[in-house]
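**Q** Handing you a structure now.
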Protein chains: 2
Amino acid sequence: MPIATRVDRVFDALGDPTRRAVFRRLRKGNRSVREIAEGMNVSRPAVSQHLKVLKGAGLIAVRIDGARHLYGVDPSAIEVLRNWLDGFWDGTLTAFKAAAEEEQKKMER
Amino acid sequence: MPIATRVDRVFDALGDPTRRAVFRRLRKGNRSVREIAEGMNVSRPAVSQHLKVLKGAGLIAVRIDGARHLYGVDPSAIEVLRNWLDGFWDGTLTAFKAAAEEEQKKMER
DNA sequence: TACTATGGTAAGTATAAACTTACCGGAAGG
DNA sequence: CCTTCCGGTAAGTTTATACTTACCATAGTA
(Lines give C-alpha, C1' and ligand atoms only; values in the text may rest on other atoms or scores of the structure.)
Protein backbone atom coordinates (compact mmCIF):
# COMPACT_ATOMS: atom_id res chain seq x y z
CA MET A 1 0.00 0.00 0.00
CA PRO A 2 1.67 3.21 -1.15
CA ILE A 3 1.70 6.25 1.05
CA ALA A 4 -0.82 8.98 0.30
CA THR A 5 0.61 11.72 -1.88
CA ARG A 6 -0.36 15.36 -1.73
CA VAL A 7 -2.85 14.98 -4.55
CA ASP A 8 -4.38 11.97 -2.85
CA ARG A 9 -4.95 13.95 0.30
CA VAL A 10 -6.41 16.81 -1.73
CA PHE A 11 -8.93 14.55 -3.44
CA ASP A 12 -9.77 12.78 -0.20
CA ALA A 13 -10.38 16.14 1.46
CA LEU A 14 -12.51 17.48 -1.37
CA GLY A 15 -14.43 14.23 -1.56
CA ASP A 16 -16.80 15.36 1.18
CA PRO A 17 -19.64 17.82 0.37
CA THR A 18 -19.47 19.60 3.72
CA ARG A 19 -15.73 20.03 3.36
CA ARG A 20 -16.22 21.47 -0.11
CA ALA A 21 -18.74 23.93 1.36
CA VAL A 22 -16.20 24.99 3.99
CA PHE A 23 -13.54 25.39 1.34
CA ARG A 24 -15.87 27.42 -0.85
CA ARG A 25 -16.60 29.81 2.02
CA LEU A 26 -12.92 30.47 2.42
CA ARG A 27 -12.69 31.48 -1.21
CA LYS A 28 -14.19 34.88 -0.39
CA GLY A 29 -11.52 35.66 2.18
CA ASN A 30 -10.24 34.68 5.61
CA ARG A 31 -12.77 33.54 8.15
CA SER A 32 -12.81 32.47 11.79
CA VAL A 33 -14.16 29.06 12.74
CA ARG A 34 -17.40 30.50 14.07
CA GLU A 35 -17.91 32.61 10.97
CA ILE A 36 -17.48 29.52 8.84
CA ALA A 37 -19.84 27.45 10.95
CA GLU A 38 -22.48 30.20 10.96
CA GLY A 39 -25.42 29.39 8.70
CA MET A 40 -24.14 25.89 8.06
CA ASN A 41 -26.16 22.88 9.11
CA VAL A 42 -23.38 21.25 11.09
CA SER A 43 -21.96 22.12 14.49
CA ARG A 44 -18.84 24.17 15.10
CA PRO A 45 -16.74 21.17 16.25
CA ALA A 46 -17.66 19.41 13.02
CA VAL A 47 -16.35 22.39 11.08
CA SER A 48 -13.21 22.34 13.20
CA GLN A 49 -12.60 18.71 12.29
CA HIS A 50 -13.12 19.42 8.62
CA LEU A 51 -10.69 22.31 8.81
CA LYS A 52 -8.13 19.91 10.23
CA VAL A 53 -8.48 17.60 7.23
CA LEU A 54 -8.35 20.49 4.75
CA LYS A 55 -5.25 21.79 6.46
CA GLY A 56 -3.66 18.34 6.36
CA ALA A 57 -4.21 18.30 2.62
CA GLY A 58 -2.54 21.69 2.31
CA LEU A 59 -5.71 23.26 0.97
CA ILE A 60 -5.95 25.91 3.65
CA ALA A 61 -3.69 27.74 6.08
CA VAL A 62 -4.23 29.34 9.48
CA ARG A 63 -3.22 32.70 10.86
CA ILE A 64 -3.68 33.03 14.58
CA ASP A 65 -4.96 36.39 15.77
CA GLY A 66 -5.29 36.26 19.54
CA ALA A 67 -7.98 33.74 20.37
CA ARG A 68 -9.28 33.77 16.81
CA HIS A 69 -7.94 31.37 14.22
CA LEU A 70 -8.32 32.83 10.79
CA TYR A 71 -8.46 30.29 8.00
CA GLY A 72 -7.83 30.99 4.34
CA VAL A 73 -7.17 29.03 1.16
CA ASP A 74 -3.61 28.04 0.42
CA PRO A 75 -2.95 29.03 -3.20
CA SER A 76 -0.33 26.30 -3.56
CA ALA A 77 -3.12 23.72 -3.47
CA ILE A 78 -4.53 25.07 -6.70
CA GLU A 79 -1.08 24.64 -8.17
CA VAL A 80 -0.97 21.00 -7.08
CA LEU A 81 -4.32 20.27 -8.68
CA ARG A 82 -3.34 22.02 -11.89
CA ASN A 83 -0.10 20.07 -12.15
CA TRP A 84 -1.93 16.80 -11.58
CA LEU A 85 -4.43 17.77 -14.24
CA ASP A 86 -1.72 18.62 -16.75
CA GLY A 87 0.14 15.37 -16.09
CA PHE A 88 -3.00 13.32 -16.40
CA TRP A 89 -3.98 15.05 -19.57
CA ASP A 90 -0.56 14.44 -21.12
CA GLY A 91 -0.67 10.77 -20.21
CA THR A 92 -4.10 10.40 -21.72
CA LEU A 93 -3.07 12.14 -24.90
CA THR A 94 0.00 9.95 -25.42
CA ALA A 95 -2.16 6.91 -24.78
CA PHE A 96 -4.60 8.11 -27.43
CA LYS A 97 -1.75 8.67 -29.83
CA ALA A 98 -0.32 5.20 -29.17
CA ALA A 99 -3.74 3.63 -29.68
CA ALA A 100 -4.15 5.53 -32.93
CA GLU A 101 -0.78 4.31 -34.19
CA GLU A 102 -1.67 0.77 -33.23
CA GLU A 103 -4.84 1.09 -35.30
CA GLN A 104 -2.76 2.41 -38.16
CA LYS A 105 -0.50 -0.65 -38.06
CA LYS A 106 -3.53 -2.91 -38.20
CA MET A 107 -4.74 -1.13 -41.29
CA GLU A 108 -1.41 -1.60 -43.04
CA ARG A 109 -1.45 -5.35 -42.60
CA MET B 1 -29.92 21.31 -0.23
CA PRO B 2 -28.78 22.04 -3.79
CA ILE B 3 -28.56 19.29 -6.32
CA ALA B 4 -25.16 17.82 -7.03
CA THR B 5 -23.44 19.54 -9.92
CA ARG B 6 -21.06 17.90 -12.33
CA VAL B 7 -18.01 19.05 -10.38
CA ASP B 8 -19.54 17.74 -7.17
CA ARG B 9 -19.98 14.32 -8.71
CA VAL B 10 -16.43 14.43 -10.04
CA PHE B 11 -14.98 15.19 -6.62
CA ASP B 12 -17.20 12.63 -4.94
CA ALA B 13 -16.05 10.03 -7.44
CA LEU B 14 -12.37 10.86 -7.12
CA GLY B 15 -12.68 10.98 -3.35
CA ASP B 16 -12.15 7.24 -3.09
CA PRO B 17 -8.61 5.79 -3.42
CA THR B 18 -9.74 2.63 -5.20
CA ARG B 19 -11.71 4.68 -7.68
CA ARG B 20 -8.68 6.86 -8.31
CA ALA B 21 -6.66 3.70 -8.97
CA VAL B 22 -9.25 2.53 -11.48
CA PHE B 23 -9.26 5.92 -13.17
CA ARG B 24 -5.46 5.95 -13.31
CA ARG B 25 -5.43 2.58 -15.02
CA LEU B 26 -7.69 3.91 -17.73
CA ARG B 27 -5.25 6.70 -18.43
CA LYS B 28 -3.05 4.32 -20.38
CA GLY B 29 -5.83 3.34 -22.75
CA ASN B 30 -9.12 1.47 -22.93
CA ARG B 31 -9.53 -1.58 -20.72
CA SER B 32 -12.12 -4.27 -20.08
CA VAL B 33 -13.53 -4.75 -16.59
CA ARG B 34 -11.46 -7.87 -15.99
CA GLU B 35 -8.30 -6.19 -17.19
CA ILE B 36 -8.91 -3.35 -14.77
CA ALA B 37 -9.64 -5.67 -11.87
CA GLU B 38 -6.55 -7.78 -12.58
CA GLY B 39 -3.78 -7.15 -10.06
CA MET B 40 -5.99 -5.02 -7.89
CA ASN B 41 -6.83 -6.03 -4.34
CA VAL B 42 -10.58 -5.79 -4.78
CA SER B 43 -12.99 -8.12 -6.55
CA ARG B 44 -14.33 -7.66 -10.07
CA PRO B 45 -17.85 -6.67 -8.92
CA ALA B 46 -16.31 -4.00 -6.73
CA VAL B 47 -14.55 -2.61 -9.78
CA SER B 48 -17.81 -2.76 -11.69
CA GLN B 49 -19.52 -0.67 -9.03
CA HIS B 50 -16.72 1.86 -9.05
CA LEU B 51 -16.94 2.11 -12.83
CA LYS B 52 -20.63 2.93 -12.46
CA VAL B 53 -19.84 5.85 -10.17
CA LEU B 54 -17.04 7.12 -12.40
CA LYS B 55 -19.36 6.93 -15.39
CA GLY B 56 -22.07 8.77 -13.47
CA ALA B 57 -19.58 11.56 -12.85
CA GLY B 58 -18.76 11.70 -16.54
CA LEU B 59 -15.16 10.75 -15.91
CA ILE B 60 -15.21 7.69 -18.13
CA ALA B 61 -17.14 6.32 -21.08
CA VAL B 62 -17.93 2.82 -22.33
CA ARG B 63 -17.65 1.26 -25.74
CA ILE B 64 -19.32 -2.15 -26.01
CA ASP B 65 -17.47 -4.72 -28.10
CA GLY B 66 -19.47 -7.93 -28.06
CA ALA B 67 -19.46 -9.26 -24.53
CA ARG B 68 -16.59 -6.97 -23.56
CA HIS B 69 -17.21 -3.50 -22.17
CA LEU B 70 -14.25 -1.28 -22.92
CA TYR B 71 -13.86 1.64 -20.55
CA GLY B 72 -11.83 4.75 -21.23
CA VAL B 73 -11.42 8.24 -19.79
CA ASP B 74 -13.81 10.93 -20.98
CA PRO B 75 -11.65 13.93 -21.92
CA SER B 76 -14.51 16.32 -21.16
CA ALA B 77 -14.05 15.55 -17.47
CA ILE B 78 -10.61 17.10 -17.53
CA GLU B 79 -12.21 20.18 -19.04
CA VAL B 80 -14.74 20.36 -16.22
CA LEU B 81 -12.04 20.18 -13.58
CA ARG B 82 -9.95 22.79 -15.33
CA ASN B 83 -12.87 25.20 -15.58
CA TRP B 84 -13.67 24.72 -11.92
CA LEU B 85 -10.04 25.36 -11.07
CA ASP B 86 -9.94 28.55 -13.14
CA GLY B 87 -13.15 29.83 -11.60
CA PHE B 88 -12.00 29.07 -8.10
CA TRP B 89 -8.68 30.73 -8.72
CA ASP B 90 -10.35 33.88 -10.07
CA GLY B 91 -12.65 34.09 -7.07
CA THR B 92 -9.75 33.70 -4.68
CA LEU B 93 -7.73 36.34 -6.46
CA THR B 94 -10.53 38.92 -6.38
CA ALA B 95 -11.03 38.13 -2.69
CA PHE B 96 -7.35 38.77 -2.09
CA LYS B 97 -7.55 42.01 -4.00
CA ALA B 98 -10.62 43.11 -2.03
CA ALA B 99 -8.90 42.26 1.23
CA ALA B 100 -5.84 44.23 0.17
CA GLU B 101 -7.96 47.25 -0.68
CA GLU B 102 -9.71 47.01 2.66
CA GLU B 103 -6.33 47.05 4.35
CA GLN B 104 -5.41 50.08 2.30
CA LYS B 105 -8.51 51.94 3.47
CA LYS B 106 -7.62 51.19 7.07
CA MET B 107 -4.18 52.68 6.55
CA GLU B 108 -5.65 55.88 5.10
CA ARG B 109 -7.84 56.53 8.11
C1' DT C 1 -9.47 37.03 39.97
C1' DA C 2 -13.47 35.88 37.83
C1' DC C 3 -16.09 36.20 33.40
C1' DT C 4 -16.65 35.71 28.51
C1' DA C 5 -14.99 34.89 24.30
C1' DT C 6 -12.22 31.91 21.25
C1' DG C 7 -11.41 26.96 19.21
C1' DG C 8 -9.34 22.28 19.49
C1' DT C 9 -10.09 17.45 21.15
C1' DA C 10 -12.24 13.02 23.18
C1' DA C 11 -15.80 9.70 23.30
C1' DG C 12 -19.60 7.67 21.43
C1' DT C 13 -23.15 7.11 17.90
C1' DA C 14 -25.18 6.84 13.61
C1' DT C 15 -25.02 6.97 8.88
C1' DA C 16 -22.92 6.11 4.62
C1' DA C 17 -20.47 3.39 1.47
C1' DA C 18 -17.04 -0.04 0.06
C1' DC C 19 -16.70 -4.81 -0.32
C1' DT C 20 -17.91 -9.70 -0.65
C1' DT C 21 -20.51 -13.78 -2.41
C1' DA C 22 -24.13 -15.34 -5.15
C1' DC C 23 -26.89 -14.90 -8.95
C1' DC C 24 -28.48 -13.50 -13.45
C1' DG C 25 -28.55 -12.36 -18.52
C1' DG C 26 -26.18 -11.73 -22.95
C1' DA C 27 -22.42 -12.98 -26.52
C1' DA C 28 -19.22 -16.21 -28.83
C1' DG C 29 -17.63 -20.95 -29.98
C1' DG C 30 -17.98 -26.02 -29.76
C1' DC D 1 -28.16 -26.74 -27.38
C1' DC D 2 -24.30 -26.73 -24.07
C1' DT D 3 -20.40 -24.53 -22.42
C1' DT D 4 -17.74 -20.66 -21.44
C1' DC D 5 -16.52 -16.49 -21.54
C1' DC D 6 -18.13 -11.61 -20.40
C1' DG D 7 -20.09 -8.08 -16.94
C1' DG D 8 -23.90 -5.94 -14.29
C1' DT D 9 -26.82 -6.30 -10.04
C1' DA D 10 -28.90 -7.79 -5.37
C1' DA D 11 -28.35 -8.77 -0.62
C1' DG D 12 -25.85 -8.52 3.32
C1' DT D 13 -21.81 -7.41 6.16
C1' DT D 14 -18.27 -4.70 7.62
C1' DT D 15 -15.66 -0.82 7.86
C1' DA D 16 -14.96 4.00 7.66
C1' DT D 17 -16.24 8.53 8.81
C1' DA D 18 -19.18 12.47 9.66
C1' DC D 19 -21.53 14.17 13.48
C1' DT D 20 -22.98 15.36 18.21
C1' DT D 21 -22.31 16.56 23.11
C1' DA D 22 -19.17 17.38 26.65
C1' DC D 23 -14.99 18.96 28.20
C1' DC D 24 -10.63 21.54 28.34
C1' DA D 25 -7.11 25.16 27.28
C1' DT D 26 -6.00 29.79 25.96
C1' DA D 27 -6.83 34.94 25.19
C1' DG D 28 -8.81 39.09 26.23
C1' DT D 29 -11.50 42.06 29.62
C1' DA D 30 -13.89 44.02 33.78
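To be explicit about the labels: the chains of the C-alpha coordinates are called A, B, and onward in the order shown, and within each one the residues are counted from 1, while ligands get numbers from 1 in the order they are shown.
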With only C-alpha atoms (C1' of nucleotides) as the counted atoms, please give the residues lying no more than 12 Å from Val80 in chain A, apart from itself and same-chain residues fewer than 3 positions off, as a PyMOL selection string.

**A** (chain A and resi 5-11+57-59+74-77+83-87) or (chain B and resi 85)

**Q** If you take only C-alpha atoms (C1' of nucleotides) and a cut-off of 10 Å, which residues of chain C touch range 15-22 of chain D, and what are their nearest atom pairs and distances in Å to one decimal, in chain and number order, as JSON lines?

**A**
```
{"residue": "C:DA10", "atom": "C1'", "partner": "D:DA22", "partner_atom": "C1'", "distance": 8.9}
{"residue": "C:DA11", "atom": "C1'", "partner": "D:DA22", "partner_atom": "C1'", "distance": 9.0}
{"residue": "C:DG12", "atom": "C1'", "partner": "D:DT20", "partner_atom": "C1'", "distance": 9.0}
{"residue": "C:DT13", "atom": "C1'", "partner": "D:DT20", "partner_atom": "C1'", "distance": 8.3}
{"residue": "C:DA14", "atom": "C1'", "partner": "D:DC19", "partner_atom": "C1'", "distance": 8.2}
{"residue": "C:DT15", "atom": "C1'", "partner": "D:DA18", "partner_atom": "C1'", "distance": 8.1}
{"residue": "C:DA16", "atom": "C1'", "partner": "D:DT17", "partner_atom": "C1'", "distance": 8.2}
{"residue": "C:DA17", "atom": "C1'", "partner": "D:DA16", "partner_atom": "C1'", "distance": 8.3}
{"residue": "C:DA18", "atom": "C1'", "partner": "D:DT15", "partner_atom": "C1'", "distance": 8.0}
{"residue": "C:DC19", "atom": "C1'", "partner": "D:DT15", "partner_atom": "C1'", "distance": 9.2}
```

**Q** Give the residues of chain A that lie within 6 Å of chain B; count only C-alpha atoms, and format the answer as a ChimeraX atom specification.

**A** /A:11-12,15,27-29,92,95

**Q** For chain D, which residue out of B:Arg63, B:Arg25, B:Arg44, B:Arg19 is the nearest one, using only C-alpha atoms (C1' of nucleotides)?

**A**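 The answer is B:Arg44, which sits nearest to chain D.
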
**Q** With only C-alpha atoms (C1' of nucleotides) considered, list every residue of chain D at most 9 Å from chain B, as a list of chain:residue names.

**A**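 Per the criterion, chain D yields D:DC5, D:DC6, D:DG7, D:DG8.
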
**Q** Could you save the residues just selected, with N, CA, C and O atoms (P, O5', C5', C4', C3', O3' and C1' of nucleotides), as an mmCIF file, in the first residue's frame?

**A**
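Saved file again_15.cif follows:
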```
data_model
loop_
_atom_site.group_PDB
_atom_site.id
_atom_site.type_symbol
_atom_site.label_atom_id
_atom_site.label_comp_id
_atom_site.auth_asym_id
_atom_site.auth_seq_id
_atom_site.Cartn_x
_atom_site.Cartn_y
_atom_site.Cartn_z
ATOM 1 P P DC D 5 -13.591 -20.480 -19.903
ATOM 2 O "O5'" DC D 5 -13.128 -19.001 -20.323
ATOM 3 C "C5'" DC D 5 -13.738 -17.894 -19.744
ATOM 4 C "C4'" DC D 5 -14.364 -17.013 -20.818
ATOM 5 C "C3'" DC D 5 -14.649 -15.591 -20.358
ATOM 6 O "O3'" DC D 5 -13.517 -14.791 -20.609
ATOM 7 C "C1'" DC D 5 -16.516 -16.495 -21.541
ATOM 8 P P DC D 6 -13.214 -13.630 -19.656
ATOM 9 O "O5'" DC D 6 -14.478 -12.677 -19.843
ATOM 10 C "C5'" DC D 6 -14.573 -11.823 -20.978
ATOM 11 C "C4'" DC D 6 -15.935 -11.177 -21.037
ATOM 12 C "C3'" DC D 6 -16.233 -10.234 -19.879
ATOM 13 O "O3'" DC D 6 -15.777 -8.937 -20.189
ATOM 14 C "C1'" DC D 6 -18.126 -11.605 -20.395
ATOM 15 P P DG D 7 -15.407 -7.959 -19.082
ATOM 16 O "O5'" DG D 7 -16.814 -7.540 -18.467
ATOM 17 C "C5'" DG D 7 -17.754 -6.863 -19.279
ATOM 18 C "C4'" DG D 7 -19.086 -6.800 -18.580
ATOM 19 C "C3'" DG D 7 -19.079 -5.990 -17.266
ATOM 20 O "O3'" DG D 7 -20.113 -5.043 -17.287
ATOM 21 C "C1'" DG D 7 -20.092 -8.079 -16.945
ATOM 22 P P DG D 8 -20.011 -3.752 -16.384
ATOM 23 O "O5'" DG D 8 -21.480 -3.588 -15.803
ATOM 24 C "C5'" DG D 8 -22.591 -3.703 -16.674
ATOM 25 C "C4'" DG D 8 -23.761 -4.328 -15.961
ATOM 26 C "C3'" DG D 8 -24.170 -3.621 -14.668
ATOM 27 O "O3'" DG D 8 -25.558 -3.348 -14.692
ATOM 28 C "C1'" DG D 8 -23.904 -5.937 -14.285
#
```

**Q** Could you list, as a ChimeraX atom specification, the residues of chain C having an atom within 12 Å of chain B when counting only C-alpha atoms (C1' of nucleotides)?

**A** /C:17-22,25-28

**Q** Output N, CA, C and O atoms (P, O5', C5', C4', C3', O3' and C1' of nucleotides) for every residue in that selection, as a short mmCIF file (atom, residue, chain, number, x, y, z; two decimals), in the first residue's frame.

**A**
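What ended up in part_33.cif:
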```
data_model
loop_
_atom_site.label_atom_id
_atom_site.label_comp_id
_atom_site.auth_asym_id
_atom_site.auth_seq_id
_atom_site.Cartn_x
_atom_site.Cartn_y
_atom_site.Cartn_z
P DA C 17 -22.47 7.88 0.70
"O5'" DA C 17 -21.21 6.97 0.37
"C5'" DA C 17 -20.16 6.81 1.31
"C4'" DA C 17 -19.50 5.46 1.15
"C3'" DA C 17 -19.75 4.78 -0.19
"O3'" DA C 17 -18.65 3.96 -0.50
"C1'" DA C 17 -20.47 3.39 1.47
P DA C 18 -17.57 4.51 -1.56
"O5'" DA C 18 -16.39 3.43 -1.48
"C5'" DA C 18 -15.74 3.24 -0.24
"C4'" DA C 18 -15.55 1.75 0.04
"C3'" DA C 18 -15.26 0.88 -1.17
"O3'" DA C 18 -14.15 0.03 -0.87
"C1'" DA C 18 -17.04 -0.04 0.06
P DC C 19 -13.47 -0.83 -2.03
"O5'" DC C 19 -13.99 -2.30 -1.70
"C5'" DC C 19 -13.65 -2.90 -0.45
"C4'" DC C 19 -14.51 -4.11 -0.21
"C3'" DC C 19 -14.55 -5.10 -1.37
"O3'" DC C 19 -13.63 -6.16 -1.15
"C1'" DC C 19 -16.70 -4.81 -0.32
P DT C 20 -13.48 -7.33 -2.25
"O5'" DT C 20 -14.52 -8.43 -1.75
"C5'" DT C 20 -14.44 -8.91 -0.41
"C4'" DT C 20 -15.64 -9.80 -0.11
"C3'" DT C 20 -15.86 -10.88 -1.16
"O3'" DT C 20 -15.52 -12.17 -0.66
"C1'" DT C 20 -17.91 -9.70 -0.65
P DT C 21 -15.49 -13.41 -1.68
"O5'" DT C 21 -17.01 -13.91 -1.71
"C5'" DT C 21 -17.63 -14.33 -0.51
"C4'" DT C 21 -19.10 -14.67 -0.77
"C3'" DT C 21 -19.34 -15.74 -1.84
"O3'" DT C 21 -20.34 -16.65 -1.38
"C1'" DT C 21 -20.51 -13.78 -2.41
P DA C 22 -20.68 -17.98 -2.24
"O5'" DA C 22 -22.02 -17.54 -2.96
"C5'" DA C 22 -23.05 -16.90 -2.20
"C4'" DA C 22 -24.20 -16.51 -3.13
"C3'" DA C 22 -24.48 -17.51 -4.27
"O3'" DA C 22 -25.87 -17.77 -4.34
"C1'" DA C 22 -24.13 -15.34 -5.15
P DG C 25 -32.32 -14.26 -15.76
"O5'" DG C 25 -31.51 -13.42 -16.86
"C5'" DG C 25 -31.58 -11.99 -16.86
"C4'" DG C 25 -30.59 -11.43 -17.87
"C3'" DG C 25 -30.76 -12.00 -19.29
"O3'" DG C 25 -30.66 -10.94 -20.22
"C1'" DG C 25 -28.55 -12.36 -18.52
P DG C 26 -31.06 -11.19 -21.74
"O5'" DG C 26 -29.65 -11.04 -22.47
"C5'" DG C 26 -29.03 -9.76 -22.49
"C4'" DG C 26 -27.60 -9.89 -23.00
"C3'" DG C 26 -27.48 -10.44 -24.42
"O3'" DG C 26 -26.50 -9.68 -25.12
"C1'" DG C 26 -26.18 -11.73 -22.95
P DA C 27 -26.42 -9.81 -26.71
"O5'" DA C 27 -25.01 -10.53 -26.87
"C5'" DA C 27 -23.82 -9.77 -26.65
"C4'" DA C 27 -22.60 -10.67 -26.81
"C3'" DA C 27 -22.47 -11.32 -28.19
"O3'" DA C 27 -21.11 -11.23 -28.62
"C1'" DA C 27 -22.42 -12.98 -26.52
P DA C 28 -20.75 -11.46 -30.14
"O5'" DA C 28 -19.90 -12.79 -30.06
"C5'" DA C 28 -18.64 -12.77 -29.39
"C4'" DA C 28 -18.15 -14.20 -29.19
"C3'" DA C 28 -18.03 -15.02 -30.48
"O3'" DA C 28 -16.73 -15.59 -30.54
"C1'" DA C 28 -19.22 -16.21 -28.83
#
```

**Q** Quick check for you: according to DSSP on this backbone, which residues of range 6-107 of chain B are classed as alpha helix (DSSP H)? Reply as an MDAnalysis selection string.

**A** chainID B and resid 6:14 17:26 33:37 44:56 75:107
